[in-house]
Amino acid sequence: MTSVSARLAFVGNGSVLGHLFFQDAHNHQVTIRLEIDGIDLGENLVRQRGGNSSVWSFRIPSRFWDDETHLLRAIYCADDSESSEDIQVHLPAQRYFYHVDEVKRNEIVGWVRRNDDTYTRAVVALRVNGVIVSRATANQYRGELVEHGHLDGRFGFNILIPYQYRHIGAIAEFGVIDDDEFIPLSSIHIMRSDVKVLIVTDTKDTNNASRYYRAVVQGRHLWQAGAEVAVVDKSEVHPNSSSSFDIVVLQRTPLTPQLEKLVRAAKAERSLVLYETDDLNVFSEIADQISAVRSGFRYLDDPEFQVEMQLRFQSATVADAILVPNNFMSRYFKQRGFQTITSRFSLERRFIKERPLTKSARWKILYMSGSPTHKNDLKEMISDLYEFHRDHEDCDLTVLGHVDADSFSGWDRIFFKPAVTYDAMIDEVSDHDLVLVPFEKTVFNFAKSATKVLESAAAGVPVMASAVPDYVKTIGDLGVGYIVPWHGSWYAALENAYRQRHADHAAFSKMQQFAYLQADGLQKGLELLSEISDLQKNRLCNVA
């Protein structure tokens, strides 16, 4: 008969594990049966594979984990001979049994169940520095748990690791929530890994200011903050594109079938999906206020226009949150049930002028329009501007971009310039003394961001704008510039600016300081990652 002996190696977590030791190194097949306090726990087949020992394990029913000592009897049969061995074992009281299978880059995988014969599903949690940062319900099916006597086997979990802790690396406590109490089970080492961001936009329109602000600049700022960023064209995405990304940003993109597949794949991977927009063109309730409609370039009864609106709204509704550039938009979306993240526009430091240009003796005003859809906005000031320009012989006007020249028919001292690249636009601004930004009074325009203030500040030139909320706030924060009240006089505002044109010698340094603050890419990237991390953490901590 082959000589066999048993020894316990591990006791806990609902199981006992041990070794069988053989007298020789020949291959043997051994059947081991285990009894606890005379109750048969069944048998396992153990194969010796060339060494002198093999491992065995048995599941111990929950009622025996009572902080008492119990008698285990190991009965094994080898080479048609049977022998037994008694082992005294202390089974500590345990409220939960668990196992952490793997700590991945973005999640922890394992199983956990209560030490009873109920089907109660545990809520697992991660705690860092005493704060719960993520939760998940352990209710996933695990076939191997059924094989080992864990009821129906639905005790598996995948708990996400929040971005902010992956970004720096951390030691977390893994445990369960029981009657609002956190019960720690083990420590988890969260390895440092970069957050990966995919931005889907219109890469083909290289002179699109919105694309520049929201994709190019924001992507660079996130990269400076330590994220890995990829920017792809909306027509070139593939559902598998989202598989390796933590965050997918749809930048003003309608939900085409291609993008819908991308979103589904991203959600299946538990990635966070954001819809980013700098206007309210997702809401049909204000479709008649959209500048393109007001100016006659689009029509409400146009089926193509209606489909575009619907698909943009669908992009917003499938997203986990809306990324917006100002407080007005944040409130508007929140009032309609959306979660939002506010990330103000910024630009690159290379655009900021180090010193003011030497100006000519003439006072030079600039009106620029990146789109022909601002026809009605121009009407807000054009009559007052005409009178002021007529009355001041030392004033020149430059009209830059997509503007109907007929609106300025018969004017003297006016220069028309076509649309230029973004880089050239900042240089053009710096050659002037004042930038005009009129808006028609509509809810759609109330959502506009003060991008012209940012661009003009980089060039060291003040802005005069309608009383759009973000312009009011930004010009107020800057301390340089002019706000024209709704239905107020642009003539009076221009006259006021003309009188003060040499008064504020500190204006350039104020604008330069403001521009540098807005161009702090590292800080902007960290702030946005922090906002996204807070959104994710709130979602992870609200798991039922």
# chains A, B, ... in the order shown; residues from 1 in each chain; ligands from 1

$ residues_around --residues "A:Ala519" --least-positions-apart "2" --cutoff "9 Å" --atoms "only C-alpha atoms" --output "NGL selection string"
:A and (346-349 or 352 or 514-517 or 521-524)

$ write_last_selection --atoms "N, CA and C atoms" --output "PDB file, in the first residue's frame"
ATOM      1  N   SER A 346     -10.398  77.291 -23.286  1.00  0.00           N
ATOM      2  CA  SER A 346      -9.033  77.772 -23.067  1.00  0.00           C
ATOM      3  C   SER A 346      -8.310  77.748 -24.409  1.00  0.00           C
ATOM      4  N   LEU A 347      -7.100  78.268 -24.442  1.00  0.00           N
ATOM      5  CA  LEU A 347      -6.335  78.272 -25.680  1.00  0.00           C
ATOM      6  C   LEU A 347      -4.882  77.972 -25.363  1.00  0.00           C
ATOM      7  N   GLU A 348      -4.049  77.940 -26.377  1.00  0.00           N
ATOM      8  CA  GLU A 348      -2.646  77.599 -26.179  1.00  0.00           C
ATOM      9  C   GLU A 348      -1.816  78.854 -25.915  1.00  0.00           C
ATOM     10  N   ARG A 349      -0.787  78.689 -25.108  1.00  0.00           N
ATOM     11  CA  ARG A 349       0.050  79.823 -24.717  1.00  0.00           C
ATOM     12  C   ARG A 349       0.725  80.478 -25.921  1.00  0.00           C
ATOM     13  N   ILE A 352      -0.579  83.892 -27.161  1.00  0.00           N
ATOM     14  CA  ILE A 352      -0.602  85.083 -26.312  1.00  0.00           C
ATOM     15  C   ILE A 352       0.528  86.031 -26.709  1.00  0.00           C
ATOM     16  N   PHE A 514      -4.864  87.381 -17.753  1.00  0.00           N
ATOM     17  CA  PHE A 514      -6.081  86.581 -17.897  1.00  0.00           C
ATOM     18  C   PHE A 514      -5.862  85.461 -18.913  1.00  0.00           C
ATOM     19  N   ALA A 515      -5.248  85.792 -20.043  1.00  0.00           N
ATOM     20  CA  ALA A 515      -5.023  84.793 -21.091  1.00  0.00           C
ATOM     21  C   ALA A 515      -4.084  83.694 -20.604  1.00  0.00           C
ATOM     22  N   TYR A 516      -3.037  84.071 -19.889  1.00  0.00           N
ATOM     23  CA  TYR A 516      -2.108  83.060 -19.367  1.00  0.00           C
ATOM     24  C   TYR A 516      -2.812  82.129 -18.386  1.00  0.00           C
ATOM     25  N   LEU A 517      -3.689  82.697 -17.575  1.00  0.00           N
ATOM     26  CA  LEU A 517      -4.429  81.880 -16.613  1.00  0.00           C
ATOM     27  C   LEU A 517      -5.308  80.870 -17.341  1.00  0.00           C
ATOM     28  N   GLY A 521      -2.436  74.776 -19.383  1.00  0.00           N
ATOM     29  CA  GLY A 521      -2.912  73.473 -19.843  1.00  0.00           C
ATOM     30  C   GLY A 521      -2.905  72.410 -18.777  1.00  0.00           C
ATOM     31  N   LEU A 522      -1.845  72.363 -17.974  1.00  0.00           N
ATOM     32  CA  LEU A 522      -1.762  71.356 -16.919  1.00  0.00           C
ATOM     33  C   LEU A 522      -2.901  71.526 -15.929  1.00  0.00           C
ATOM     34  N   GLN A 523      -3.120  72.765 -15.482  1.00  0.00           N
ATOM     35  CA  GLN A 523      -4.182  73.015 -14.515  1.00  0.00           C
ATOM     36  C   GLN A 523      -5.551  72.727 -15.108  1.00  0.00           C
ATOM     37  N   LYS A 524      -5.773  73.155 -16.358  1.00  0.00           N
ATOM     38  CA  LYS A 524      -7.056  72.906 -17.017  1.00  0.00           C
ATOM     39  C   LYS A 524      -7.309  71.411 -17.166  1.00  0.00           C
TER      40      LYS A 524
END

$ closest_atom_pairs --of "stretch 131-185 of chain A" --to "stretch 271-287 of chain A" --cutoff "12 Å" --atoms "only C-alpha atoms" --output "JSON lines"
{"residue": "A:Leu160", "atom": "CA", "partner": "A:Ser271", "partner_atom": "CA", "distance": 10.0}
{"residue": "A:Ile161", "atom": "CA", "partner": "A:Ser271", "partner_atom": "CA", "distance": 11.6}
{"residue": "A:Pro162", "atom": "CA", "partner": "A:Leu272", "partner_atom": "CA", "distance": 11.1}
{"residue": "A:Tyr163", "atom": "CA", "partner": "A:Leu272", "partner_atom": "CA", "distance": 10.6}

$ closest_residue --among "A:Gln310, A:Asn445, A:Gln218, A:Thr421" --to "A:Ile290" --atoms "only C-alpha atoms"
A:Asn445

$ select_by_dssp --residues "stretch 302-453 of chain A" --states "strand (DSSP E)" --output "list in words"
Ala321, Ile322, Leu323, Val324, Thr340, Ile341, Thr342, Trp363, Lys364, Ile365, Leu366, Tyr367, Met368, Ser369, Cys395, Asp396, Leu397, Thr398, Val399, Leu400, Gly401, Ile414, Phe415, Phe416, Lys417, Leu434, Val435, Leu436 and Val437 of chain A

$ residues_around --residues "A:Ala424" --least-positions-apart "4" --cutoff "12 Å" --atoms "only C-alpha atoms" --output "compact mmCIF listing (two decimals) with N, CA and C atoms, in the first residue's frame"
# COMPACT_ATOMS: atom_id res chain seq x y z
N ASN A 207 -10.41 74.40 -39.77
CA ASN A 207 -10.54 75.79 -39.32
C ASN A 207 -11.79 76.01 -38.49
N PHE A 351 -0.37 81.54 -28.53
CA PHE A 351 -1.14 82.61 -29.15
C PHE A 351 -1.06 83.93 -28.38
N LEU A 400 -14.15 90.91 -40.95
CA LEU A 400 -13.37 89.70 -41.21
C LEU A 400 -14.27 88.47 -41.22
N GLY A 401 -14.12 87.63 -42.24
CA GLY A 401 -14.83 86.35 -42.24
C GLY A 401 -16.05 86.32 -43.12
N LYS A 417 -12.08 91.44 -45.23
CA LYS A 417 -11.05 90.40 -45.30
C LYS A 417 -11.72 89.04 -45.20
N PRO A 418 -11.28 88.09 -45.99
CA PRO A 418 -11.89 86.75 -45.94
C PRO A 418 -11.51 86.02 -44.66
N ALA A 419 -12.19 84.91 -44.42
CA ALA A 419 -11.88 84.08 -43.25
C ALA A 419 -10.44 83.60 -43.33
N VAL A 420 -9.79 83.57 -42.18
CA VAL A 420 -8.38 83.16 -42.12
C VAL A 420 -8.25 81.98 -41.17
N GLU A 428 -4.58 89.03 -36.58
CA GLU A 428 -5.47 90.06 -37.12
C GLU A 428 -6.11 90.87 -35.98
N VAL A 429 -6.53 90.18 -34.94
CA VAL A 429 -7.14 90.87 -33.79
C VAL A 429 -6.15 91.85 -33.18
N SER A 430 -4.90 91.43 -33.04
CA SER A 430 -3.91 92.26 -32.35
C SER A 430 -3.62 93.56 -33.09
N ASP A 431 -3.99 93.64 -34.35
CA ASP A 431 -3.76 94.86 -35.14
C ASP A 431 -4.88 95.88 -34.96
N GLU A 455 -9.92 85.11 -26.98
CA GLU A 455 -9.05 85.33 -28.14
C GLU A 455 -8.50 86.75 -28.16
N ALA A 459 -4.61 88.63 -27.64
CA ALA A 459 -4.05 89.62 -28.55
C ALA A 459 -3.89 90.99 -27.89

$ closest_residue --among "A:Leu72, A:Ile247, A:Val55, A:Val200" --to "A:Ala9" --atoms "only C-alpha atoms"
A:Val55

$ closest_atom_pairs --of "stretch 152-224 of chain A" --to "stretch 105-124 of chain A" --cutoff "6 Å" --atoms "only C-alpha atoms" --output "CSV"
residue,atom,partner,partner_atom,distance
A:Phe155,CA,A:Trp111,CA,5.3
A:Gly156,CA,A:Trp111,CA,4.1
A:Phe157,CA,A:Gly110,CA,5.6
A:Asn158,CA,A:Val109,CA,4.7
A:Ile159,CA,A:Ile108,CA,5.3
A:Leu160,CA,A:Glu107,CA,4.2
A:Ile161,CA,A:Glu107,CA,5.1
A:Gly175,CA,A:Val124,CA,5.7
A:Val176,CA,A:Val124,CA,4.2
A:Ile177,CA,A:Val123,CA,5.5

$ write_last_selection --atoms "N, CA and C atoms" --output "PDB file, in the first residue's frame"
ATOM      1  N   PHE A 155     -22.496  35.226  -7.164  1.00  0.00           N
ATOM      2  CA  PHE A 155     -21.820  36.038  -6.156  1.00  0.00           C
ATOM      3  C   PHE A 155     -20.581  36.726  -6.729  1.00  0.00           C
ATOM      4  N   GLY A 156     -20.437  36.719  -8.049  1.00  0.00           N
ATOM      5  CA  GLY A 156     -19.277  37.351  -8.663  1.00  0.00           C
ATOM      6  C   GLY A 156     -19.436  38.859  -8.761  1.00  0.00           C
ATOM      7  N   PHE A 157     -18.314  39.570  -8.837  1.00  0.00           N
ATOM      8  CA  PHE A 157     -18.369  41.032  -8.954  1.00  0.00           C
ATOM      9  C   PHE A 157     -17.233  41.531  -9.842  1.00  0.00           C
ATOM     10  N   ASN A 158     -17.471  42.675 -10.444  1.00  0.00           N
ATOM     11  CA  ASN A 158     -16.455  43.488 -11.118  1.00  0.00           C
ATOM     12  C   ASN A 158     -16.629  44.893 -10.566  1.00  0.00           C
ATOM     13  N   ILE A 159     -15.686  45.374  -9.796  1.00  0.00           N
ATOM     14  CA  ILE A 159     -15.802  46.707  -9.207  1.00  0.00           C
ATOM     15  C   ILE A 159     -14.776  47.620  -9.864  1.00  0.00           C
ATOM     16  N   LEU A 160     -15.249  48.751 -10.398  1.00  0.00           N
ATOM     17  CA  LEU A 160     -14.372  49.665 -11.116  1.00  0.00           C
ATOM     18  C   LEU A 160     -13.471  50.437 -10.158  1.00  0.00           C
ATOM     19  N   ILE A 161     -12.257  50.699 -10.620  1.00  0.00           N
ATOM     20  CA  ILE A 161     -11.307  51.530  -9.878  1.00  0.00           C
ATOM     21  C   ILE A 161     -11.421  52.950 -10.420  1.00  0.00           C
ATOM     22  N   GLY A 175     -13.772  45.647   0.719  1.00  0.00           N
ATOM     23  CA  GLY A 175     -14.656  45.100   1.735  1.00  0.00           C
ATOM     24  C   GLY A 175     -16.094  45.082   1.276  1.00  0.00           C
ATOM     25  N   VAL A 176     -17.002  44.908   2.225  1.00  0.00           N
ATOM     26  CA  VAL A 176     -18.432  44.872   1.927  1.00  0.00           C
ATOM     27  C   VAL A 176     -19.150  45.908   2.777  1.00  0.00           C
ATOM     28  N   ILE A 177     -20.312  46.333   2.277  1.00  0.00           N
ATOM     29  CA  ILE A 177     -21.183  47.237   3.023  1.00  0.00           C
ATOM     30  C   ILE A 177     -22.276  46.397   3.665  1.00  0.00           C
TER      31      ILE A 177
END

$ select_by_dssp --residues "stretch 177-383 of chain A" --states "alpha helix (DSSP H)" --output "number ranges by chain"
A: 209-211, 218-224, 257-268, 291-294, 303-318, 327-334, 375-379, 382-383

$ decode --residues "stretch 141-187 of chain A" --atoms "N, CA and C atoms" --output "short mmCIF file (atom, residue, chain, number, x, y, z; two decimals), in the first residue's frame"
data_model
loop_
_atom_site.label_atom_id
_atom_site.label_comp_id
_atom_site.auth_asym_id
_atom_site.auth_seq_id
_atom_site.Cartn_x
_atom_site.Cartn_y
_atom_site.Cartn_z
N TYR A 141 -22.95 35.59 -12.25
CA TYR A 141 -22.89 34.13 -12.20
C TYR A 141 -21.45 33.65 -12.36
N ARG A 142 -21.06 32.75 -11.48
CA ARG A 142 -19.74 32.12 -11.55
C ARG A 142 -19.92 30.61 -11.43
N GLY A 143 -19.72 29.90 -12.52
CA GLY A 143 -19.97 28.46 -12.54
C GLY A 143 -19.14 27.69 -11.54
N GLU A 144 -17.89 28.08 -11.32
CA GLU A 144 -17.04 27.34 -10.39
C GLU A 144 -17.53 27.42 -8.95
N LEU A 145 -18.30 28.50 -8.64
CA LEU A 145 -18.86 28.61 -7.29
C LEU A 145 -19.93 27.56 -7.06
N VAL A 146 -20.71 27.27 -8.08
CA VAL A 146 -21.73 26.23 -7.97
C VAL A 146 -21.06 24.88 -7.72
N GLU A 147 -19.98 24.63 -8.44
CA GLU A 147 -19.27 23.37 -8.28
C GLU A 147 -18.74 23.18 -6.86
N HIS A 148 -18.42 24.31 -6.20
CA HIS A 148 -17.87 24.23 -4.85
C HIS A 148 -18.94 24.49 -3.79
N GLY A 149 -20.20 24.38 -4.16
CA GLY A 149 -21.27 24.44 -3.17
C GLY A 149 -21.75 25.81 -2.78
N HIS A 150 -21.45 26.84 -3.58
CA HIS A 150 -21.89 28.19 -3.26
C HIS A 150 -23.27 28.46 -3.86
N LEU A 151 -24.28 27.74 -3.41
CA LEU A 151 -25.66 27.97 -3.80
C LEU A 151 -25.79 28.10 -5.32
N ASP A 152 -26.39 29.24 -5.80
CA ASP A 152 -26.63 29.37 -7.24
C ASP A 152 -25.45 29.98 -7.98
N GLY A 153 -24.39 30.30 -7.26
CA GLY A 153 -23.18 30.81 -7.91
C GLY A 153 -23.21 32.26 -8.31
N ARG A 154 -24.28 32.99 -8.00
CA ARG A 154 -24.38 34.39 -8.43
C ARG A 154 -23.80 35.31 -7.35
N PHE A 155 -22.50 35.23 -7.16
CA PHE A 155 -21.82 36.04 -6.16
C PHE A 155 -20.58 36.73 -6.73
N GLY A 156 -20.44 36.72 -8.05
CA GLY A 156 -19.28 37.35 -8.66
C GLY A 156 -19.44 38.86 -8.76
N PHE A 157 -18.31 39.57 -8.84
CA PHE A 157 -18.37 41.03 -8.95
C PHE A 157 -17.23 41.53 -9.84
N ASN A 158 -17.47 42.67 -10.44
CA ASN A 158 -16.46 43.49 -11.12
C ASN A 158 -16.63 44.89 -10.57
N ILE A 159 -15.69 45.37 -9.80
CA ILE A 159 -15.80 46.71 -9.21
C ILE A 159 -14.78 47.62 -9.86
N LEU A 160 -15.25 48.75 -10.40
CA LEU A 160 -14.37 49.67 -11.12
C LEU A 160 -13.47 50.44 -10.16
N ILE A 161 -12.26 50.70 -10.62
CA ILE A 161 -11.31 51.53 -9.88
C ILE A 161 -11.42 52.95 -10.42
N PRO A 162 -11.77 53.93 -9.59
CA PRO A 162 -11.93 55.31 -10.09
C PRO A 162 -10.65 55.84 -10.74
N TYR A 163 -10.84 56.71 -11.75
CA TYR A 163 -9.71 57.25 -12.49
C TYR A 163 -8.68 57.92 -11.59
N GLN A 164 -9.17 58.72 -10.63
CA GLN A 164 -8.25 59.54 -9.86
C GLN A 164 -7.27 58.71 -9.06
N TYR A 165 -7.64 57.50 -8.68
CA TYR A 165 -6.73 56.66 -7.91
C TYR A 165 -5.83 55.83 -8.82
N ARG A 166 -6.31 55.51 -10.01
CA ARG A 166 -5.44 54.87 -10.99
C ARG A 166 -4.39 55.85 -11.47
N HIS A 167 -4.76 57.13 -11.54
CA HIS A 167 -3.88 58.15 -12.08
C HIS A 167 -2.64 58.34 -11.19
N ILE A 168 -2.79 58.11 -9.89
CA ILE A 168 -1.67 58.32 -8.97
C ILE A 168 -1.19 57.03 -8.33
N GLY A 169 -2.01 55.97 -8.40
CA GLY A 169 -1.70 54.74 -7.67
C GLY A 169 -2.08 54.92 -6.21
N ALA A 170 -2.56 53.86 -5.58
CA ALA A 170 -3.02 53.99 -4.19
C ALA A 170 -3.16 52.61 -3.56
N ILE A 171 -3.23 52.61 -2.24
CA ILE A 171 -3.57 51.41 -1.48
C ILE A 171 -5.03 51.56 -1.05
N ALA A 172 -5.87 50.62 -1.45
CA ALA A 172 -7.29 50.69 -1.13
C ALA A 172 -7.67 49.50 -0.25
N GLU A 173 -8.70 49.70 0.56
CA GLU A 173 -9.29 48.61 1.31
C GLU A 173 -10.45 48.04 0.50
N PHE A 174 -10.47 46.74 0.36
CA PHE A 174 -11.59 46.06 -0.28
C PHE A 174 -12.45 45.45 0.82
N GLY A 175 -13.77 45.65 0.72
CA GLY A 175 -14.66 45.10 1.74
C GLY A 175 -16.09 45.08 1.28
N VAL A 176 -17.00 44.91 2.23
CA VAL A 176 -18.43 44.87 1.93
C VAL A 176 -19.15 45.91 2.78
N ILE A 177 -20.31 46.33 2.28
CA ILE A 177 -21.18 47.24 3.02
C ILE A 177 -22.28 46.40 3.67
N ASP A 178 -22.34 46.42 4.98
CA ASP A 178 -23.31 45.62 5.73
C ASP A 178 -24.00 46.52 6.74
N ASP A 179 -25.32 46.77 6.52
CA ASP A 179 -26.07 47.69 7.39
C ASP A 179 -25.37 49.04 7.50
N ASP A 180 -24.97 49.58 6.34
CA ASP A 180 -24.29 50.87 6.23
C ASP A 180 -22.92 50.89 6.89
N GLU A 181 -22.41 49.74 7.27
CA GLU A 181 -21.08 49.65 7.87
C GLU A 181 -20.12 49.02 6.86
N PHE A 182 -18.93 49.60 6.73
CA PHE A 182 -17.91 49.03 5.85
C PHE A 182 -17.11 47.99 6.62
N ILE A 183 -17.11 46.76 6.12
CA ILE A 183 -16.37 45.67 6.74
C ILE A 183 -15.18 45.35 5.85
N PRO A 184 -13.96 45.71 6.25
CA PRO A 184 -12.79 45.44 5.40
C PRO A 184 -12.48 43.95 5.31
N LEU A 185 -12.12 43.51 4.13
CA LEU A 185 -11.75 42.11 3.91
C LEU A 185 -10.28 41.96 3.53
N SER A 186 -9.76 42.89 2.73
CA SER A 186 -8.35 42.81 2.35
C SER A 186 -7.87 44.16 1.83
N SER A 187 -6.56 44.29 1.64
CA SER A 187 -5.97 45.49 1.06
C SER A 187 -5.67 45.22 -0.42
#
